[in-house]
Amino acid sequence: MLELKNYTKSYVKGKTIVDNLSLKVEKGDIYAFVGHNGAGKTTTIKSIVGILEFDKGDILIDNKSIKKNEIECKMKMAYIPDNPDLYEHLKGISYLNFIADIYKVSKEKREELIKKYAEKFELTKNLGDPISSYSHGMKQKLAIISALIHEPKLLILDEPFVGLDPKASHTLKEIMKEMVKEGTAIFFSTHVLEVAEKLCNKIAIIKEGKIIVEGKMKDIIKDKSLEDIFMELVDEKSN
C-alpha cells in the first residue's frame with residue numbers, strides 16, 4: 001500500500017536529511033517508524049503525504065507515484081500530524097463536514113462515522129462548539145475523527161498519542177487494530193517504544209536519516225524489549 005524507493009531529501013547547503021530510504025508497508029500492517037528527534041521521521045512523513053517535495057527516489061501509494069498522481073494518492077490516505085493545525089473559527093461539526101466534502105463522503109456515511117467516532121472519543125457534546133475553545137487533546141481527537149470519516153486505505157500518523165489522555169489513547173489503539181483487520185495499512189512515528197512493541201507487527205529504526213534496521217517486530221526484538229534493542233542499535237551505530 002505504501003512503498004518508499006530510495007527516498008532522499010536534502011535541505012539548504014546540500015545537507016541530506018534522509019538518505020536513500022526504502023521500505024514497504026502492506027495492507028494489514030501497523031508499521032512503526034522509530035528514531036531520535038531530528039532523525040528524519042517527520043520529514044519522511046511529510047513527503048509521503050505530499051507536503052514536502054524530495055530530491056531522489058519515489059513514494060508509491062497503492063502503486064501510484066505521489067509525484068505524478070498527487071490527488072489520487074491523497075484521496076486514499078489520511079494524515080494526522082503531531083500538532084494538528086485546524087480551522088479554529090469553525091465549529092467541530094462544521095470542520096468534519098468540510099473534510100467529508102473534500103473526500104466526497106455521502107451524507108449518510110459521514111453521519112454514521114461522525115456519530116461512531118465522536119462517541120468513542122467522547123467528543124459528541126463538543127461538536128457544536130468552536131474549535132478555538134477546544135483543549136489540545138480535544139483538537140487531537142477531532143483531527144483523528146476527521147482522518148477516519150473517509151475510511152482511508154492508508155493511515156499516516158506522526159506521534160499520534162501526544163496530547164491524548166489514557167482512555168483516548170486506548171481507543172485509538174483499538175481503532176487501529178480494527179482498521180488493519182479490514183485491510184488498512186498504518187504507518188506511524190512514535191517515541192513510545194512500549195506502544196510500538198505491543199501494537200506493531202513491523203518496524204523501521206532510523207538514525208541520522210538512514211534506516212539501521214527494519215523488518216518484522218518479532219524477528220527484531222526476539223526475546224528482548226524494543227527499548228533494549230533500540231538502545232543497543234543506536235549505541236552500536238554511534239561507535
# chains A, B, ... in the order shown; residues from 1 in each chain; ligands from 1
>>> select_by_dssp(residues="range 14-206 of chain A", states="strand (DSSP E or B)", output="ChimeraX atom specification")
/A:16-25,30-34,56-61,64-65,77-80,91,130,154-158,185-189,202-206
>>> residues_around(residues="Ile93 in chain A", least_positions_apart="3", cutoff="10 Å", atoms="only C-alpha atoms", output="ChimeraX atom specification")
/A:90,96-99,114,118,124,126-131,142,146
>>> write_last_selection(atoms="all heavy atoms", output="compact mmCIF listing (two decimals), in the first residue's frame")
# COMPACT_ATOMS: atom_id res chain seq x y z
N LEU A 90 -14.10 27.57 12.94
CA LEU A 90 -15.22 26.68 12.65
C LEU A 90 -15.65 25.91 13.90
O LEU A 90 -14.86 25.72 14.83
CB LEU A 90 -14.82 25.65 11.59
CG LEU A 90 -14.54 26.15 10.18
CD1 LEU A 90 -14.11 24.97 9.29
CD2 LEU A 90 -15.76 26.83 9.57
N LEU A 96 -15.65 18.80 10.44
CA LEU A 96 -15.78 17.42 9.99
C LEU A 96 -16.55 17.32 8.68
O LEU A 96 -16.20 16.54 7.79
CB LEU A 96 -16.46 16.57 11.07
CG LEU A 96 -15.67 16.39 12.37
CD1 LEU A 96 -16.48 15.58 13.37
CD2 LEU A 96 -14.32 15.72 12.11
N ASN A 97 -17.59 18.13 8.54
CA ASN A 97 -18.35 18.14 7.29
C ASN A 97 -17.52 18.71 6.14
O ASN A 97 -17.64 18.26 4.99
CB ASN A 97 -19.64 18.94 7.46
CG ASN A 97 -20.74 18.11 8.10
OD1 ASN A 97 -21.01 16.98 7.69
ND2 ASN A 97 -21.39 18.66 9.11
N PHE A 98 -16.69 19.68 6.44
CA PHE A 98 -15.78 20.25 5.43
C PHE A 98 -14.84 19.17 4.91
O PHE A 98 -14.65 19.02 3.69
CB PHE A 98 -15.01 21.41 6.06
CG PHE A 98 -13.84 21.89 5.23
CD1 PHE A 98 -14.04 22.53 4.02
CD2 PHE A 98 -12.54 21.72 5.69
CE1 PHE A 98 -12.97 22.98 3.26
CE2 PHE A 98 -11.46 22.17 4.95
CZ PHE A 98 -11.67 22.79 3.72
N ILE A 99 -14.24 18.40 5.81
CA ILE A 99 -13.33 17.32 5.41
C ILE A 99 -14.09 16.25 4.64
O ILE A 99 -13.62 15.73 3.61
CB ILE A 99 -12.63 16.70 6.64
CG1 ILE A 99 -11.77 17.74 7.36
CG2 ILE A 99 -11.80 15.49 6.22
CD1 ILE A 99 -10.65 18.33 6.53
N ILE A 114 -19.22 9.94 11.89
CA ILE A 114 -19.01 11.02 12.86
C ILE A 114 -19.64 10.63 14.20
O ILE A 114 -19.02 10.79 15.25
CB ILE A 114 -19.60 12.35 12.35
CG1 ILE A 114 -18.75 12.89 11.20
CG2 ILE A 114 -19.69 13.38 13.49
CD1 ILE A 114 -19.36 14.10 10.50
N ALA A 118 -17.16 10.13 17.30
CA ALA A 118 -17.34 11.17 18.32
C ALA A 118 -17.73 10.54 19.64
O ALA A 118 -17.29 10.98 20.71
CB ALA A 118 -18.39 12.17 17.87
N THR A 124 -18.84 14.11 21.39
CA THR A 124 -20.15 14.41 20.81
C THR A 124 -20.71 15.74 21.30
O THR A 124 -21.16 16.58 20.51
CB THR A 124 -21.15 13.28 21.15
OG1 THR A 124 -20.62 12.03 20.68
CG2 THR A 124 -22.49 13.55 20.48
N ASN A 126 -19.29 18.30 22.28
CA ASN A 126 -18.45 19.47 21.95
C ASN A 126 -18.45 19.80 20.46
O ASN A 126 -17.84 20.80 20.06
CB ASN A 126 -17.01 19.23 22.40
CG ASN A 126 -16.90 18.91 23.86
OD1 ASN A 126 -16.64 17.76 24.22
ND2 ASN A 126 -17.11 19.89 24.72
N LEU A 127 -19.11 19.00 19.64
CA LEU A 127 -19.04 19.23 18.20
C LEU A 127 -19.70 20.54 17.78
O LEU A 127 -19.37 21.10 16.73
CB LEU A 127 -19.69 18.06 17.45
CG LEU A 127 -18.93 16.73 17.49
CD1 LEU A 127 -19.66 15.67 16.67
CD2 LEU A 127 -17.50 16.90 16.97
N GLY A 128 -20.61 21.05 18.59
CA GLY A 128 -21.27 22.31 18.27
C GLY A 128 -20.49 23.53 18.75
O GLY A 128 -20.90 24.67 18.50
N ASP A 129 -19.36 23.31 19.41
CA ASP A 129 -18.54 24.41 19.93
C ASP A 129 -17.46 24.80 18.93
O ASP A 129 -17.00 23.97 18.14
CB ASP A 129 -17.86 23.99 21.24
CG ASP A 129 -18.86 23.63 22.32
OD1 ASP A 129 -19.99 24.14 22.28
OD2 ASP A 129 -18.51 22.80 23.20
N PRO A 130 -17.02 26.07 18.96
CA PRO A 130 -15.91 26.46 18.09
C PRO A 130 -14.63 25.74 18.47
O PRO A 130 -14.35 25.52 19.65
CB PRO A 130 -15.80 27.97 18.31
CG PRO A 130 -16.45 28.23 19.63
CD PRO A 130 -17.53 27.20 19.77
N ILE A 131 -13.84 25.38 17.48
CA ILE A 131 -12.59 24.64 17.73
C ILE A 131 -11.64 25.47 18.58
O ILE A 131 -10.84 24.92 19.34
CB ILE A 131 -11.94 24.25 16.39
CG1 ILE A 131 -12.86 23.30 15.62
CG2 ILE A 131 -10.59 23.57 16.61
CD1 ILE A 131 -12.40 23.00 14.21
N LEU A 142 -10.38 15.53 17.40
CA LEU A 142 -11.11 15.99 16.22
C LEU A 142 -10.32 15.69 14.95
O LEU A 142 -10.89 15.27 13.94
CB LEU A 142 -11.40 17.49 16.32
CG LEU A 142 -12.34 18.05 15.24
CD1 LEU A 142 -13.76 17.55 15.47
CD2 LEU A 142 -12.32 19.57 15.22
N SER A 146 -11.54 13.35 11.89
CA SER A 146 -11.56 13.86 10.51
C SER A 146 -10.77 12.96 9.57
O SER A 146 -11.07 12.87 8.37
CB SER A 146 -11.01 15.28 10.46
OG SER A 146 -9.60 15.31 10.65
>>> atom_distance(atom1="CA of Val180 in chain A", atom2="CA of Leu154 in chain A")
9.6 Å
>>> residues_around(residues="range 75-80 of chain A", least_positions_apart="4", cutoff="8 Å", atoms="only C-alpha atoms", output="compact mmCIF listing (two decimals) with N, CA, C and O atoms, in the first residue's frame")
# COMPACT_ATOMS: atom_id res chain seq x y z
N VAL A 49 2.97 12.26 2.50
CA VAL A 49 1.62 12.81 2.36
C VAL A 49 1.55 13.99 1.39
O VAL A 49 0.51 14.62 1.23
N ILE A 61 1.88 5.15 -3.48
CA ILE A 61 0.68 4.87 -2.69
C ILE A 61 -0.20 3.98 -3.55
O ILE A 61 -0.68 4.42 -4.60
N ILE A 71 -3.23 13.95 -6.27
CA ILE A 71 -4.62 13.98 -5.79
C ILE A 71 -5.16 12.57 -5.58
O ILE A 71 -5.77 12.26 -4.55
N PRO A 84 -2.00 19.15 15.30
CA PRO A 84 -2.98 19.46 14.24
C PRO A 84 -3.26 20.95 14.11
O PRO A 84 -3.47 21.64 15.11
N TYR A 103 -13.50 14.79 0.63
CA TYR A 103 -13.34 13.38 0.25
C TYR A 103 -14.62 12.77 -0.32
O TYR A 103 -14.69 11.56 -0.55
N ALA A 143 -9.01 15.90 15.01
CA ALA A 143 -8.15 15.60 13.86
C ALA A 143 -8.21 14.10 13.53
O ALA A 143 -8.25 13.71 12.35
N ILE A 144 -8.22 13.27 14.56
CA ILE A 144 -8.30 11.83 14.34
C ILE A 144 -9.62 11.46 13.68
O ILE A 144 -9.66 10.71 12.70
N ALA A 147 -9.74 12.28 10.10
CA ALA A 147 -8.93 11.38 9.28
C ALA A 147 -9.63 10.05 9.03
O ALA A 147 -9.29 9.34 8.07
N LEU A 148 -10.58 9.70 9.87
CA LEU A 148 -11.22 8.39 9.77
C LEU A 148 -12.52 8.38 8.98
O LEU A 148 -12.95 7.32 8.52
N PRO A 152 -9.89 5.75 5.10
CA PRO A 152 -8.68 5.69 4.28
C PRO A 152 -8.11 4.28 4.17
O PRO A 152 -8.25 3.47 5.08
N LYS A 153 -7.45 4.03 3.05
CA LYS A 153 -6.77 2.75 2.85
C LYS A 153 -5.37 2.79 3.46
O LYS A 153 -4.77 1.74 3.71
N LEU A 154 -4.86 4.01 3.66
CA LEU A 154 -3.55 4.20 4.27
C LEU A 154 -3.67 5.30 5.31
O LEU A 154 -4.12 6.41 4.99
N LEU A 155 -3.27 5.00 6.53
CA LEU A 155 -3.33 5.98 7.62
C LEU A 155 -1.90 6.30 8.05
O LEU A 155 -1.14 5.41 8.42
N ILE A 156 -1.55 7.59 7.99
CA ILE A 156 -0.22 8.07 8.35
C ILE A 156 -0.34 8.93 9.60
O ILE A 156 -1.11 9.90 9.62
N LEU A 157 0.41 8.59 10.64
CA LEU A 157 0.32 9.33 11.89
C LEU A 157 1.72 9.71 12.38
O LEU A 157 2.64 8.89 12.33
N ASP A 158 1.84 10.94 12.87
CA ASP A 158 3.11 11.42 13.42
C ASP A 158 2.90 11.67 14.91
O ASP A 158 2.21 12.62 15.29
N PRO A 160 0.98 10.09 17.20
CA PRO A 160 -0.47 10.22 17.38
C PRO A 160 -0.97 10.24 18.81
O PRO A 160 -2.08 10.70 19.08
>>> select_by_dssp(residues="range 124-220 of chain A", states="helix (DSSP H, G or I)", output="PyMOL selection string")
chain A and resi 124-126+131-133+136-148+166-181+193-199+217-220
>>> residues_around(residues="Gly183 in chain A", least_positions_apart="5", cutoff="9 Å", atoms="only C-alpha atoms", output="MDAnalysis selection string")
chainID A and resid 26:29 153
>>> closest_residue(among="A:Ser135, A:Glu151, A:Ser106, A:Ala168", to="Lys120 in chain A", atoms="only C-alpha atoms")
A:Ala168
>>> closest_residue(among="A:Thr43, A:Thr171, A:Ser94, A:Ser10", to="Ile206 in chain A", atoms="only C-alpha atoms")
A:Thr43
>>> residues_around(residues="range 174-179 of chain A", least_positions_apart="6", cutoff="8 Å", atoms="only C-alpha atoms", output="MDAnalysis selection string")
chainID A and resid 28 30 185:186
>>> closest_residue(among="A:Val213, A:Leu4, A:Leu172, A:Ala39", to="Lys64 in chain A", atoms="only C-alpha atoms")
A:Leu4
>>> residues_around(residues="Leu21 in chain A", least_positions_apart="4", cutoff="8 Å", atoms="only C-alpha atoms", output="compact mmCIF listing (two decimals) with N, CA, C and O atoms, in the first residue's frame")
# COMPACT_ATOMS: atom_id res chain seq x y z
N LEU A 4 8.39 3.21 -0.24
CA LEU A 4 9.41 4.23 -0.45
C LEU A 4 10.58 3.57 -1.16
O LEU A 4 11.10 2.55 -0.69
N LYS A 5 10.96 4.14 -2.30
CA LYS A 5 12.06 3.60 -3.09
C LYS A 5 13.20 4.60 -3.14
O LYS A 5 13.08 5.64 -3.82
N ASN A 6 14.26 4.33 -2.40
CA ASN A 6 15.47 5.17 -2.43
C ASN A 6 15.15 6.64 -2.19
O ASN A 6 15.75 7.54 -2.80
N TYR A 7 14.21 6.88 -1.29
CA TYR A 7 13.78 8.26 -0.96
C TYR A 7 14.94 9.04 -0.34
O TYR A 7 15.57 8.60 0.62
N THR A 8 15.20 10.22 -0.91
CA THR A 8 16.27 11.09 -0.41
C THR A 8 15.76 12.52 -0.35
O THR A 8 15.15 13.01 -1.31
N GLY A 209 18.97 9.97 9.38
CA GLY A 209 18.48 9.90 8.01
C GLY A 209 18.63 8.57 7.31
O GLY A 209 18.27 8.44 6.14
N LYS A 210 19.13 7.56 8.02
CA LYS A 210 19.30 6.24 7.40
C LYS A 210 18.65 5.17 8.27
O LYS A 210 18.71 5.22 9.50
N ILE A 211 18.03 4.20 7.62
CA ILE A 211 17.45 3.07 8.35
C ILE A 211 18.58 2.16 8.80
O ILE A 211 19.41 1.73 7.99
>>> residues_around(residues="Glu227 in chain A", least_positions_apart="6", cutoff="12 Å", atoms="only C-alpha atoms", output="compact mmCIF listing (two decimals) with C-alpha atoms, in the first residue's frame")
# COMPACT_ATOMS: atom_id res chain seq x y z
CA VAL A 34 11.18 4.99 15.29
CA GLY A 35 14.17 7.24 15.90
CA HIS A 191 8.82 7.81 20.73
CA VAL A 192 6.76 5.49 22.92
CA LEU A 193 8.64 2.25 22.29
CA GLU A 194 6.42 0.17 24.56
CA VAL A 195 3.38 1.11 22.47
CA ALA A 196 5.20 0.32 19.23
CA GLU A 197 6.30 -3.06 20.56
CA LYS A 198 2.81 -4.11 21.60
CA ILE A 205 14.54 2.33 13.16
CA ILE A 220 13.95 -7.86 15.53
CA ILE A 221 13.24 -7.92 19.26
CA LEU A 233 21.47 -0.42 17.87
CA VAL A 234 21.79 3.31 18.36
